[in-house]
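The structure appears below as structure tokens.
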Amino acid sequence: MRKSTPILLSVTVLVIVSLACALPSVSAPTQDVNSILGTAIMQTMVSALTQTAQVIVPVDIVETPSAAFTPIFTPAEALTPSPVFIATAVIPQVSVSVATNCRGGPGKVYDRVGALLIGQVAEVYGRDTTGNYWYIRNPNQSNGFCWLWGEYATVTGNFAALPMFTPPPTPTPMPAFEADYDGLETCAGWWVDLTLTNTGGISFESISLTVRDTDTENVVSMYSDNFTDVDGCEDSFAKDVLTPGAKHIVSSPGLAYDPSGHKLRATVTLCSRDGQNGTCITESIKFTP
């Protein structure tokens with residue numbers, strides 16, 4: 001193959017020379033090599049593009065009118081408001097099985113300012129440190145408060161959370177007592193027994209007692225520095241002092257007749273010192289044996 005190449009080249013040259021001699025003499029335009037080369041390249045590129053290009057047929061785009069938008073509102077479900085529960089403090093309440101005094105402080109030394117009766121209910125706001133008294137709204141004063149003894153009280157509600165209140169200062173001790181008819185006894189005569197209860201703030205050391213039969217006007221009296229209970233014909237019990245809160249039975253002087261069915265009146269005087277001295281206070285009761 002390498003030997004045939006020079007021979008082919010020589011034949012080509014001879015052909016070109018022969019043709020040149022046969023043609024008339026025409027001046028050939030001088031062309032820039034670079035221009036010729038660029039034209040050839042451009043023609044090649046156009047030919048390639050012509051062969052590979054695809055015919056693109058324009059397609060008319062028909063715009064379809066969109067449907068008119070109509071908003072649809074669905075009514076919301078009616079909501080029923082949930083009930084709002086407000087926590088309220090439940091105030092404990094107290095009632096009594098026996099009518100009970102209500103005082104200005106937790107103790108009998110304080111003045112009586114009201115009473116809670118059977119069937120009544122009062123609100124409880126506190127208690128004393130001993131747990132024996134409740135601090136309540138005064139049943140007799142809508143804007144007042146007082147202390148109720150808890151012996152006969154029943155408290156309902158959450159009373160465990162009640163505050164402990166400090167009692168007010170005790171007032172100046174005052175003498176006070178209660179006398180109640182206790183019965184009629186006999187042994188070589190007749191006498192009545194009275195139950196004495198010291199409800200005041202001072203002690204008593206002496207007593208005077210008078211019993212009057214208002215039907216016959218008979219009267220018997222006695223004075224003593226002791227508080228003596230005569231029980232039948234043989235036994236007797238005596239106390240020297242009747243301290244605050246103490247209770248004791250005292251027997252009257254004897255009557256020479258049976259006073260059963262008679263209207264009697266007993267007058268009792270208690271004093272803070274022997275011999276009917278010191279501070280004294282008197283109470284009277286009526287009864288029928």
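Residues are named by chain letter and number: chains run A, B, ... in the order of the structure tokens, numbers start at 1 in each chain, and ligands are numbered from 1 in the order shown.
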Spatial neighbours of A:Ala160, max dist 12 Å, only C-alpha atoms, sep filter under 4 positions, as a list of chain:residue names: A:Ile91, A:Pro92, A:Val124, A:Tyr125, A:Gly126, A:Arg127, A:Gly131, A:Val155, A:Thr156, A:Met164
Counting only C-alpha atoms, what is within 10 Å of A:Thr129, bar same-chain residues fewer than 5 positions away, as a tab-separated table (two decimals) with C-alpha atoms, in the first residue's frame?
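The result, stored in part-v8.tsv:
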```tsv
chain	number	residue	atom	x	y	z
A	106	PRO	CA	-63.58	28.60	124.93
A	163	PRO	CA	-57.39	26.60	111.76
A	164	MET	CA	-56.52	26.63	115.43
A	165	PHE	CA	-57.55	29.95	116.98
A	166	THR	CA	-55.90	31.48	120.02
A	167	PRO	CA	-58.57	32.21	122.65
```
Among listed residues A:Ile207, A:Val98, A:Ala161, A:Val121, nearest A:Gly278 (using only C-alpha atoms): A:Ile207
Stretch 214-226 of chain A surroundings by only C-alpha atoms, 10 Å radius, close-in-sequence under 5 positions cut, as a ChimeraX atom specification: /A:191,204-209,237-242,250,252-256,259,261-271,273-276,286
Distance in Å - atom CA of A:Pro289 versus atom CA of A:Thr210: 15.7 Å
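Taking atom CA of A:Asn158 and atom CA of A:Tyr133 as endpoints, the distance between them is 16.3 Å.
Considering the residues A:Ser142, A:Thr170, A:Ser203, A:Gln120 and counting only C-alpha atoms, A:Arg103 has its shortest atom-to-atom contact with A:Thr170.
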Those of stretch 63-255 of chain A in DSSP strand (DSSP E or B), formatted as a ChimeraX atom specification: /A:93-96,100-103,112-116,122-127,133-137,145-149,153-156,164,177-186,190-198,204,206-213,219-224,227-231,235-239,242,247-251,255
Two-atom distance - atom CA of A:Arg137, atom CA of A:Ser97 (Å):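 We find that atom CA of A:Arg137 and atom CA of A:Ser97 lie 17.9 Å from each other.
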Which residue of A:Glu151, A:Asp111, A:Glu123, A:Asp229 approaches A:Asp182 most closely, using only C-alpha atoms: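 Nearest candidate to A:Asp182 out of A:Glu151, A:Asp111, A:Glu123, A:Asp229: A:Asp229.
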List the spatial neighbours of A:Pro173 as a CSV table (one decimal) with C-alpha atoms, in the first residue's frame - criterion: any atom at most 9 Å away, only C-alpha atoms, same-chain residues fewer than 6 positions off excluded.
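Resulting contents of result00.csv:
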```
chain,number,residue,atom,x,y,z
A,109,VAL,CA,-65.3,31.9,132.4
A,110,TYR,CA,-66.3,33.8,129.3
A,200,GLY,CA,-68.0,31.0,137.2
A,201,GLY,CA,-64.4,31.7,137.4
A,202,ILE,CA,-63.8,31.7,141.1
```
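Excluding A:Thr154 itself and same-chain residues fewer than 2 positions from it, the residues having an atom within 8 Å of it are Val94, Ser95, Val96, Ser97, Gly150, Tyr152 and Thr156 of chain A, counting only C-alpha atoms.
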